[in-house]
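Q: My structure is stored as run_14.cif, with mmCIF, C-alpha atoms.
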data_start
#
loop_
_atom_site.label_atom_id
_atom_site.label_comp_id
_atom_site.auth_asym_id
_atom_site.auth_seq_id
_atom_site.Cartn_x
_atom_site.Cartn_y
_atom_site.Cartn_z
CA MET A 10 -16.92 43.93 31.85
CA THR A 11 -15.14 40.63 32.37
CA SER A 12 -12.43 38.96 30.35
CA ASP A 13 -13.13 35.84 28.32
CA ASP A 14 -10.20 34.25 30.16
CA ASN A 15 -11.96 34.38 33.54
CA GLY A 16 -13.90 31.22 33.00
CA ASP A 17 -10.94 29.32 31.56
CA PHE A 18 -7.92 30.55 33.53
CA LYS A 19 -6.75 27.02 34.31
CA SER A 20 -6.70 25.89 30.68
CA ARG A 21 -3.27 24.72 29.49
CA ILE A 22 -3.70 26.62 26.24
CA SER A 23 -5.03 29.84 27.77
CA GLY A 24 -3.05 32.77 26.46
CA SER A 25 -1.44 30.68 23.72
CA ARG A 26 -2.62 29.72 20.28
CA LEU A 27 -2.02 26.29 18.82
CA PRO A 28 -0.44 26.19 15.36
CA SER A 29 -2.62 25.15 12.45
CA LEU A 30 -3.53 21.47 12.72
CA SER A 31 -3.22 21.05 8.94
CA GLY A 32 0.24 22.60 9.16
CA LEU A 33 1.19 20.26 11.98
CA ARG A 34 -0.07 17.32 9.94
CA CYS A 35 2.15 18.31 7.03
CA PHE A 36 5.09 18.85 9.37
CA GLU A 37 4.58 15.50 11.11
CA MET A 38 4.65 13.58 7.81
CA ALA A 39 7.67 15.56 6.61
CA ALA A 40 9.43 14.87 9.91
CA ARG A 41 8.64 11.18 9.68
CA THR A 42 10.01 10.82 6.14
CA GLU A 43 12.54 13.70 6.17
CA ASN A 44 11.47 14.21 2.58
CA PHE A 45 8.93 16.79 1.41
CA GLY A 46 8.17 14.83 -1.76
CA LYS A 47 7.36 11.61 0.11
CA ALA A 48 5.28 13.58 2.63
CA ALA A 49 3.34 15.12 -0.24
CA ASP A 50 2.66 11.69 -1.79
CA ALA A 51 1.49 10.24 1.53
CA LEU A 52 -0.93 13.13 2.14
CA HIS A 53 -1.98 13.47 -1.51
CA LEU A 54 -0.67 17.04 -1.66
CA THR A 55 1.92 18.82 -3.75
CA HIS A 56 5.55 19.29 -2.78
CA GLY A 57 4.90 23.04 -2.72
CA ALA A 58 1.99 22.65 -0.29
CA ILE A 59 4.17 20.75 2.18
CA SER A 60 6.99 23.27 1.83
CA ARG A 61 4.65 26.24 2.39
CA ALA A 62 3.01 24.61 5.42
CA VAL A 63 6.37 23.94 7.04
CA ARG A 64 7.65 27.43 6.24
CA LEU A 65 4.55 29.07 7.76
CA LEU A 66 4.95 26.91 10.87
CA GLU A 67 8.60 27.95 11.18
CA GLU A 68 7.66 31.60 10.82
CA GLU A 69 4.94 31.30 13.48
CA LEU A 70 7.23 29.55 15.96
CA GLY A 71 10.29 31.60 15.11
CA VAL A 72 12.61 28.61 14.73
CA ALA A 73 13.99 26.49 11.91
CA LEU A 74 12.45 23.03 12.02
CA PHE A 75 14.48 21.56 9.15
CA ASP A 76 18.02 21.92 7.94
CA ARG A 77 17.70 22.11 4.14
CA ARG A 78 20.67 20.69 2.26
CA SER A 79 20.47 20.50 -1.51
CA ARG A 80 17.46 18.24 -2.20
CA ARG A 81 17.32 16.71 1.29
CA VAL A 82 15.96 17.98 4.60
CA PHE A 83 16.95 17.01 8.14
CA LEU A 84 15.23 17.78 11.42
CA THR A 85 16.92 20.36 13.62
CA ALA A 86 16.97 19.89 17.39
CA GLU A 87 13.91 22.15 17.62
CA GLY A 88 12.20 20.23 14.84
CA ARG A 89 12.86 16.92 16.55
CA ARG A 90 11.39 18.25 19.80
CA LEU A 91 8.24 19.41 18.05
CA ALA A 92 7.99 16.18 16.02
CA GLU A 93 8.04 14.06 19.17
CA ALA A 94 5.31 16.19 20.73
CA VAL A 95 3.14 16.20 17.60
CA GLN A 96 3.50 12.46 17.04
CA ALA A 97 2.61 11.78 20.67
CA GLY A 98 -0.41 14.08 20.39
CA PHE A 99 -1.61 12.56 17.13
CA GLY A 100 -1.06 9.11 18.61
CA THR A 101 -3.27 9.95 21.58
CA ILE A 102 -5.97 11.29 19.26
CA ALA A 103 -5.74 8.18 17.06
CA GLU A 104 -6.08 5.88 20.08
CA ALA A 105 -9.13 7.79 21.31
CA ALA A 106 -10.69 7.73 17.83
CA ALA A 107 -10.02 4.00 17.51
CA ALA A 108 -11.68 3.38 20.87
CA LEU A 109 -14.73 5.40 19.85
CA ARG A 110 -14.98 3.62 16.49
CA SER A 111 -14.59 0.27 18.19
CA ALA A 112 -17.38 1.07 20.62
CA ARG A 113 -19.63 2.21 17.79
CA HIS A 114 -18.80 -0.30 15.07
CA GLY A 115 -17.75 -3.29 17.16
CA ASN A 116 -15.39 -5.50 15.16
CA GLN A 117 -15.53 -3.56 11.91
CA ILE A 118 -12.11 -3.37 10.21
CA THR A 119 -11.23 -1.27 7.19
CA LEU A 120 -8.64 -3.08 5.06
CA SER A 121 -6.90 -1.32 2.18
CA CYS A 122 -5.58 -3.59 -0.58
CA GLU A 123 -3.96 -3.02 -3.96
CA PRO A 124 -6.73 -3.04 -6.60
CA THR A 125 -5.73 -6.03 -8.75
CA LEU A 126 -4.97 -8.23 -5.74
CA LEU A 127 -8.24 -7.11 -4.18
CA MET A 128 -10.32 -8.03 -7.23
CA ARG A 129 -8.63 -11.26 -8.26
CA TRP A 130 -7.51 -12.78 -4.95
CA LEU A 131 -9.06 -11.26 -1.83
CA ILE A 132 -12.71 -10.73 -2.80
CA PRO A 133 -13.15 -14.29 -4.18
CA ARG A 134 -12.04 -15.58 -0.76
CA LEU A 135 -13.95 -13.11 1.39
CA ALA A 136 -16.89 -15.45 2.03
CA SER A 137 -14.51 -17.90 3.69
CA PHE A 138 -13.31 -15.26 6.16
CA GLU A 139 -16.85 -14.14 6.95
CA SER A 140 -17.85 -17.75 7.55
CA ASP A 141 -14.93 -18.30 9.94
CA HIS A 142 -15.40 -14.92 11.68
CA PRO A 143 -19.09 -14.01 11.58
CA LYS A 144 -18.70 -11.27 14.22
CA VAL A 145 -16.10 -9.34 12.20
CA THR A 146 -17.18 -6.92 9.49
CA LEU A 147 -14.44 -6.39 6.91
CA GLN A 148 -14.70 -3.13 4.95
CA LEU A 149 -12.52 -3.28 1.81
CA VAL A 150 -10.87 -0.25 0.20
CA ALA A 151 -8.81 -0.26 -3.00
CA GLY A 152 -5.51 1.55 -2.65
CA GLY A 153 -1.80 1.22 -3.35
CA GLY A 154 1.52 2.72 -2.33
CA PRO A 155 2.18 4.59 0.94
CA VAL A 156 -0.66 4.52 3.45
CA ARG A 157 -1.26 6.20 6.78
CA LEU A 158 -2.92 3.80 9.20
CA GLY A 159 -5.52 5.22 11.51
CA ALA A 160 -6.76 7.81 9.01
CA GLY A 161 -9.79 5.75 7.98
CA VAL A 162 -7.69 2.64 7.31
CA ASP A 163 -7.00 0.03 10.00
CA LEU A 164 -4.87 -2.44 8.01
CA ALA A 165 -3.29 -2.46 4.56
CA ILE A 166 -1.97 -5.11 2.17
CA ARG A 167 0.87 -3.76 0.07
CA ARG A 168 3.55 -4.98 -2.32
CA ALA A 169 6.72 -4.11 -0.43
CA ASP A 170 8.34 -2.14 -3.24
CA PHE A 171 8.52 1.20 -1.38
CA PRO A 172 9.85 2.29 2.04
CA LEU A 173 7.38 0.94 4.60
CA PRO A 174 6.16 3.18 7.46
CA ARG A 175 8.48 3.09 10.44
CA ASP A 176 5.58 3.34 12.87
CA ALA A 177 3.74 0.32 11.44
CA ARG A 178 4.10 -3.39 11.99
CA SER A 179 4.88 -5.30 8.80
CA GLU A 180 3.96 -8.99 8.56
CA PRO A 181 4.96 -10.99 5.44
CA LEU A 182 2.06 -12.62 3.58
CA PHE A 183 3.63 -14.22 0.51
CA ASP A 184 6.47 -13.84 -1.98
CA GLU A 185 5.57 -12.61 -5.43
CA ARG A 186 5.92 -15.31 -8.12
CA VAL A 187 5.31 -14.33 -11.72
CA GLY A 188 5.12 -15.95 -15.15
CA PRO A 189 3.74 -15.35 -18.65
CA VAL A 190 0.05 -16.29 -18.92
CA CYS A 191 -2.35 -16.54 -21.84
CA ARG A 192 -5.76 -17.97 -22.61
CA ALA A 193 -5.56 -21.72 -22.16
CA ASP A 194 -6.78 -22.58 -25.67
CA LEU A 195 -4.16 -20.30 -27.28
CA VAL A 196 -1.00 -21.78 -25.78
CA GLU A 197 0.24 -23.17 -29.11
CA ARG A 198 -0.34 -19.82 -30.78
CA PHE A 199 1.85 -17.90 -28.33
CA PHE A 200 4.36 -20.52 -27.14
CA GLU A 201 6.60 -23.15 -28.71
CA VAL A 202 8.66 -26.09 -27.47
CA THR A 203 12.40 -25.63 -27.97
CA SER A 204 15.48 -27.56 -26.93
CA GLY A 205 15.59 -25.40 -23.80
CA GLY A 206 11.95 -26.00 -22.94
CA VAL A 207 8.82 -23.96 -23.51
CA ALA A 208 9.47 -20.46 -24.86
CA LEU A 209 7.49 -17.47 -26.05
CA ARG A 210 7.12 -17.29 -29.84
CA ARG A 211 8.74 -14.31 -31.54
CA ASP A 212 5.42 -13.14 -32.95
CA ALA A 213 3.58 -13.44 -29.64
CA VAL A 214 1.97 -10.20 -28.45
CA PRO A 215 3.36 -9.15 -25.04
CA LEU A 216 0.93 -7.19 -22.87
CA HIS A 217 2.33 -4.39 -20.74
CA THR A 218 0.96 -2.15 -18.01
CA ARG A 219 1.93 1.38 -16.98
CA THR A 220 1.70 0.45 -13.31
CA ARG A 221 4.41 -2.23 -13.71
CA LEU A 222 6.53 -1.14 -16.62
CA GLN A 223 9.36 -3.52 -15.67
CA ALA A 224 7.19 -6.64 -15.27
CA TRP A 225 8.58 -8.45 -18.32
CA ALA A 226 12.15 -7.41 -17.55
CA ASP A 227 11.80 -8.55 -13.92
CA TRP A 228 10.44 -11.92 -15.03
CA ALA A 229 13.22 -12.38 -17.63
CA ARG A 230 15.88 -11.57 -15.04
CA ALA A 231 14.41 -13.93 -12.45
CA ALA A 232 13.84 -16.75 -14.96
CA GLY A 233 17.14 -16.36 -16.77
CA ARG A 234 15.37 -15.65 -20.06
CA THR A 235 15.18 -12.87 -22.61
CA ALA A 236 12.29 -10.42 -22.44
CA PRO A 237 10.23 -10.07 -25.65
CA THR A 238 11.27 -7.19 -27.90
CA GLY A 239 8.46 -7.30 -30.43
CA PRO A 240 5.55 -4.85 -30.58
CA GLY A 241 3.00 -5.30 -27.85
CA ARG A 242 -0.01 -3.66 -26.24
CA GLN A 243 0.04 -1.39 -23.20
CA PHE A 244 -2.73 -0.85 -20.67
CA ASP A 245 -3.20 1.70 -17.91
CA HIS A 246 -3.72 -0.78 -15.09
CA PHE A 247 -2.36 -4.20 -14.24
CA HIS A 248 -5.76 -5.87 -14.02
CA LEU A 249 -6.53 -4.72 -17.58
CA SER A 250 -3.48 -6.52 -18.98
CA LEU A 251 -4.59 -9.72 -17.24
CA GLN A 252 -8.10 -9.29 -18.57
CA ALA A 253 -6.66 -8.79 -22.07
CA ALA A 254 -4.70 -12.05 -21.74
CA GLN A 255 -7.90 -13.79 -20.66
CA ALA A 256 -9.62 -12.36 -23.76
CA GLY A 257 -6.93 -13.86 -26.03
CA ILE A 258 -5.28 -10.58 -27.07
CA GLY A 259 -1.77 -11.64 -26.03
CA VAL A 260 0.48 -12.78 -23.19
CA ALA A 261 0.72 -10.94 -19.87
CA ILE A 262 2.96 -11.30 -16.87
CA GLY A 263 0.72 -12.85 -14.25
CA PRO A 264 1.47 -12.98 -10.53
CA TRP A 265 0.54 -16.41 -9.18
CA GLN A 266 -1.91 -15.18 -6.55
CA MET A 267 -3.77 -13.05 -9.09
CA VAL A 268 -4.18 -15.77 -11.73
CA ARG A 269 -4.29 -18.97 -9.66
CA ASP A 270 -8.10 -19.22 -9.78
CA GLU A 271 -8.22 -18.80 -13.57
CA ILE A 272 -5.46 -21.39 -14.00
CA ALA A 273 -7.25 -23.83 -11.70
CA SER A 274 -10.47 -23.40 -13.70
CA GLY A 275 -8.69 -23.85 -17.05
CA ILE A 276 -9.28 -20.30 -18.31
CA LEU A 277 -5.61 -19.26 -18.26
CA ALA A 278 -2.39 -21.23 -18.70
CA ALA A 279 1.19 -20.53 -17.63
CA PRO A 280 3.37 -22.70 -19.92
CA CYS A 281 6.66 -21.40 -18.46
CA GLY A 282 5.58 -21.71 -14.84
CA PHE A 283 6.26 -19.12 -12.15
CA VAL A 284 9.44 -17.74 -10.58
CA ALA A 285 10.01 -15.50 -7.56
CA ASP A 286 10.82 -11.95 -8.71
CA GLY A 287 12.32 -10.85 -5.40
CA SER A 288 9.34 -8.83 -4.17
CA SER A 289 6.70 -9.74 -1.61
CA TYR A 290 3.38 -8.69 -0.12
CA VAL A 291 2.96 -7.64 3.49
CA LEU A 292 0.17 -6.76 5.89
CA LEU A 293 0.67 -3.37 7.54
CA SER A 294 -0.92 -2.82 10.93
CA PRO A 295 -0.50 -0.26 13.72
CA ASP A 296 2.67 -0.76 15.72
CA LYS A 297 0.60 -0.43 18.89
CA PRO A 298 -2.95 -1.52 18.01
CA HIS A 299 -5.85 -0.68 20.26
CA ALA A 300 -6.30 -3.52 22.75
CA ALA A 301 -9.89 -4.10 21.65
CA ARG A 302 -8.76 -4.80 18.08
CA ALA A 303 -5.47 -6.63 18.55
CA ALA A 304 -7.11 -10.08 18.63
CA THR A 305 -9.15 -9.31 15.51
CA HIS A 306 -6.04 -8.12 13.67
CA GLU A 307 -4.25 -11.35 14.55
CA ALA A 308 -7.21 -13.43 13.37
CA LEU A 309 -7.25 -11.61 10.02
CA LEU A 310 -3.48 -12.01 9.61
CA SER A 311 -3.72 -15.74 10.28
CA TRP A 312 -6.55 -16.10 7.77
CA LEU A 313 -4.72 -14.09 5.09
CA LYS A 314 -1.63 -16.26 5.44
CA SER A 315 -3.68 -19.43 5.10
CA ALA A 316 -5.51 -18.01 2.06
CA ALA A 317 -2.16 -17.29 0.39
CA THR A 318 -0.98 -20.91 0.52
#
Could you take the file, read its structure, and then write that structure out as structure tokens?

A:
Amino acid sequence: MTSDDNGDFKSRISGSRLPSLSGLRCFEMAARTENFGKAADALHLTHGAISRAVRLLEEELGVALFDRRSRRVFLTAEGRRLAEAVQAGFGTIAEAAAALRSARHGNQITLSCEPTLLMRWLIPRLASFESDHPKVTLQLVAGGGPVRLGAGVDLAIRRADFPLPRDARSEPLFDERVGPVCRADLVERFFEVTSGGVALRRDAVPLHTRTRLQAWADWARAAGRTAPTGPGRQFDHFHLSLQAAQAGIGVAIGPWQMVRDEIASGILAAPCGFVADGSSYVLLSPDKPHAARAATHEALLSWLKSAAT
């Protein structure tokens, strides 16, 4: 009888067992953010799942990977050593996967974009990009908030209102400018001319969205005005509030890039104009992109910036 090790005695992992890859994935995200809650959000898991995965990993290795203080966690020296190794290993795997995808799919790029911006700004301009870059296939995915590049997503457009990944390159696209918008033929119903200029009528119906609860307050602060206090209507998603404004239901806060086409065509109007609210949109890309895709990424970035002007 021979041992199973005989044919593999030179293997680097012979006689040792790698920790669970799912556990390492949870640990790597927790190490990157030093926050179990943020790691859970990024991986679409629960805080408890991240905590259990890290605890099981600590028990298997026999060392403490995090120093837990109140509601915060910090990497120990052992945790930092493992994090560097895991990140390097995952990075090597990601590079190999990117090379394989590039060889198979050529210049196909998967771009994640926040849903409302995707529907109202990016898709209407997609034909222009395809005309300028016929050899590039752009696969669009709707998504918002934290994103992990390389896990099915090559690039991402995000509103920079959360901590951006430290291992990603962030290129500014445009500043967010917002203003109240309504159906063009209902301007006199919802707005009035005062000594201080155009203002929202007291009986105008403000439209709100659960995904941007502070939209009216942010606009009022940036414009030096008072936010409406009257009863309004609330919608689950931002694009629904804009659609409701277009249907004549009331007045919504409209970001310039998301309503510019409707204003240009005379469907919507923005009597008070637009003001910068202090936020911006960025394009997130790998900090060290695969060489075969770097030129394509740059071409897409250049096109996105020109489309935003």

Q: Could you give me, as a tab-separated table, every segment 123-169 of chain A residue with an atom at most 7 Å from segment 287-297 of chain A, plus its closest atom pair and distance in Å to one decimal, counting all atoms listed in the file, rows ordered by chain then number?

A:
residue	atom	partner	partner_atom	distance
A:Leu158	CA	A:Pro295	CA	6.5
A:Asp163	CA	A:Ser294	CA	6.8
A:Leu164	CA	A:Ser294	CA	4.9
A:Ala165	CA	A:Leu293	CA	5.0
A:Ile166	CA	A:Leu292	CA	4.6
A:Arg167	CA	A:Tyr290	CA	5.5
A:Arg168	CA	A:Tyr290	CA	4.3
A:Ala169	CA	A:Tyr290	CA	5.7

Q: Any chance you could work out the residue set of the PyMOL selection byres ((chain A and resi 83-89) around 9) here, as a list in words?

A: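 So the PyMOL selection byres ((chain A and resi 83-89) around 9) ends up selecting Ala40, Glu43, Asn44, Val72, Ala73, Leu74, Phe75, Asp76, Arg77, Arg78, Arg81, Val82, Arg90, Leu91, Ala92, Glu93 and Ala94 of chain A.
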
Q: Translate the PyMOL selection byres ((chain A and resi 317) around 12) into a concrete residue list for this structure, as a list in words.

A: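 When the PyMOL selection byres ((chain A and resi 317) around 12) is applied, the selected residues are Leu126, Trp130, Leu131, Arg134, Pro181, Leu182, Phe183, Asp184, Glu185, Arg186, Trp265, Gln266, Met267, Arg269, Asp270, Ser289, Tyr290, Val291, Leu310, Ser311, Trp312, Leu313, Lys314, Ser315, Ala316 and Thr318 of chain A.
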
Q: Please build the interface table for segment 193-223 of chain A against segment 271-283 of chain A with a cut-off of 9 Å, listing for each qualifying residue the nearest atom pair and the distance in Å to one decimal; count all atoms listed in the file, order rows by chain and increasing number, and write it as CSV.

A:
residue,atom,partner,partner_atom,distance
A:Ala193,CA,A:Leu277,CA,4.6
A:Asp194,CA,A:Ile276,CA,8.1
A:Leu195,CA,A:Ala278,CA,8.8
A:Val196,CA,A:Ala278,CA,7.2
A:Phe200,CA,A:Pro280,CA,7.6
A:Gly206,CA,A:Cys281,CA,8.3
A:Val207,CA,A:Cys281,CA,6.1
A:Ala208,CA,A:Cys281,CA,7.1
A:Leu209,CA,A:Cys281,CA,8.6

Q: When the PyMOL selection byres ((chain A and resi 235-245) around 9) is applied to the structure above, which residues does it catch, written out as a CSV table (one decimal) with C-alpha atoms, in the coordinates of the input?

A:
chain,number,residue,atom,x,y,z
A,209,LEU,CA,7.5,-17.5,-26.0
A,210,ARG,CA,7.1,-17.3,-29.8
A,211,ARG,CA,8.7,-14.3,-31.5
A,212,ASP,CA,5.4,-13.1,-33.0
A,213,ALA,CA,3.6,-13.4,-29.6
A,214,VAL,CA,2.0,-10.2,-28.4
A,215,PRO,CA,3.4,-9.2,-25.0
A,216,LEU,CA,0.9,-7.2,-22.9
A,217,HIS,CA,2.3,-4.4,-20.7
A,218,THR,CA,1.0,-2.2,-18.0
A,219,ARG,CA,1.9,1.4,-17.0
A,220,THR,CA,1.7,0.4,-13.3
A,225,TRP,CA,8.6,-8.4,-18.3
A,226,ALA,CA,12.2,-7.4,-17.6
A,227,ASP,CA,11.8,-8.6,-13.9
A,228,TRP,CA,10.4,-11.9,-15.0
A,229,ALA,CA,13.2,-12.4,-17.6
A,230,ARG,CA,15.9,-11.6,-15.0
A,232,ALA,CA,13.8,-16.8,-15.0
A,233,GLY,CA,17.1,-16.4,-16.8
A,234,ARG,CA,15.4,-15.6,-20.1
A,246,HIS,CA,-3.7,-0.8,-15.1
A,247,PHE,CA,-2.4,-4.2,-14.2
A,248,HIS,CA,-5.8,-5.9,-14.0
A,249,LEU,CA,-6.5,-4.7,-17.6
A,250,SER,CA,-3.5,-6.5,-19.0
A,253,ALA,CA,-6.7,-8.8,-22.1
A,258,ILE,CA,-5.3,-10.6,-27.1
A,259,GLY,CA,-1.8,-11.6,-26.0

Q: By how many Å are atom CA of Cys35 of chain A and atom CA of Leu66 of chain A apart?

A: 9.8 Å

Q: Go ahead and compute the interatomic distance for atom CA of Pro28 of chain A and atom CA of Pro174 of chain A, in Å to one decimal.

A: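 Between these atoms lies a distance of 25.2 Å.
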
Q: Find the residues with any atom within 12 Å of (-1.3, 15.1, 1.0); use all atoms listed in the file and the coordinates as given in the file, and write the answer as a PyMOL selection string.

A: chain A and resi 31-32+34-39+45-60+62+155-157

Q: Save out the residues we just selected, C-alpha atoms, as a short mmCIF file (atom, residue, chain, number, x, y, z; two decimals), in the frame of the given file.

A:
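The file below, part13.cif, is the result:
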data_model
loop_
_atom_site.label_atom_id
_atom_site.label_comp_id
_atom_site.auth_asym_id
_atom_site.auth_seq_id
_atom_site.Cartn_x
_atom_site.Cartn_y
_atom_site.Cartn_z
CA SER A 31 -3.22 21.05 8.94
CA GLY A 32 0.24 22.60 9.16
CA ARG A 34 -0.07 17.32 9.94
CA CYS A 35 2.15 18.31 7.03
CA PHE A 36 5.09 18.85 9.37
CA GLU A 37 4.58 15.50 11.11
CA MET A 38 4.65 13.58 7.81
CA ALA A 39 7.67 15.56 6.61
CA PHE A 45 8.93 16.79 1.41
CA GLY A 46 8.17 14.83 -1.76
CA LYS A 47 7.36 11.61 0.11
CA ALA A 48 5.28 13.58 2.63
CA ALA A 49 3.34 15.12 -0.24
CA ASP A 50 2.66 11.69 -1.79
CA ALA A 51 1.49 10.24 1.53
CA LEU A 52 -0.93 13.13 2.14
CA HIS A 53 -1.98 13.47 -1.51
CA LEU A 54 -0.67 17.04 -1.66
CA THR A 55 1.92 18.82 -3.75
CA HIS A 56 5.55 19.29 -2.78
CA GLY A 57 4.90 23.04 -2.72
CA ALA A 58 1.99 22.65 -0.29
CA ILE A 59 4.17 20.75 2.18
CA SER A 60 6.99 23.27 1.83
CA ALA A 62 3.01 24.61 5.42
CA PRO A 155 2.18 4.59 0.94
CA VAL A 156 -0.66 4.52 3.45
CA ARG A 157 -1.26 6.20 6.78
#

Q: Figure out the distance between atom CA of Gly152 of chain A and atom CA of Gln255 of chain A, please, to one decimal in Å.

A: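 Result for atom CA of Gln255 of chain A versus atom CA of Gly152 of chain A: 23.8 Å, one decimal.
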
Q: Given only C-alpha atoms as the basis, pick out the residue of A:Val202, A:Leu120, A:Val268, A:Leu222 nearest to Gly188 of chain A.

A: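 Nearest to Gly188 of chain A: A:Val268.
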
Q: Find the residue from A:Gln252, A:Thr203, A:Arg302, A:Val187 that sits nearest to Pro264 of chain A; use only C-alpha atoms when measuring.

A: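 Among the listed residues, the smallest separation from Pro264 of chain A belongs to A:Val187.
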
Q: Would you compute the box with edges along x, y and z of the file around segment 28-37 of chain A, including every atom the file lists for it and 4 Å extra on each side, and give its centre and edge lengths in Å to one decimal, as AutoDock Vina command-line options?

A:
--center_x 0.8 --center_y 20.8 --center_z 11.2 --size_x 16.6 --size_y 18.7 --size_z 16.3

Q: What's around Arg175 of chain A at 9 Å? Count only C-alpha atoms, leave out sequence neighbours fewer than 2 positions away in its own chain, and write the answer as a list in words.

A: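 Counting only C-alpha atoms, the residues come to Arg41, Thr42, Pro172, Leu173, Ala177, Arg178 and Asp296 of chain A.
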
Q: Tell me which of A:Glu201, A:Ile132, A:Cys122, A:Phe138 sits closest to Val150 of chain A, counting only C-alpha atoms.

A: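 For Val150 of chain A, the nearest of the given residues is A:Cys122.
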
Q: A:Ile262, A:Leu135, A:Ala224, A:Leu127: which is nearest Cys191 of chain A, counting only C-alpha atoms?

A: A:Ile262
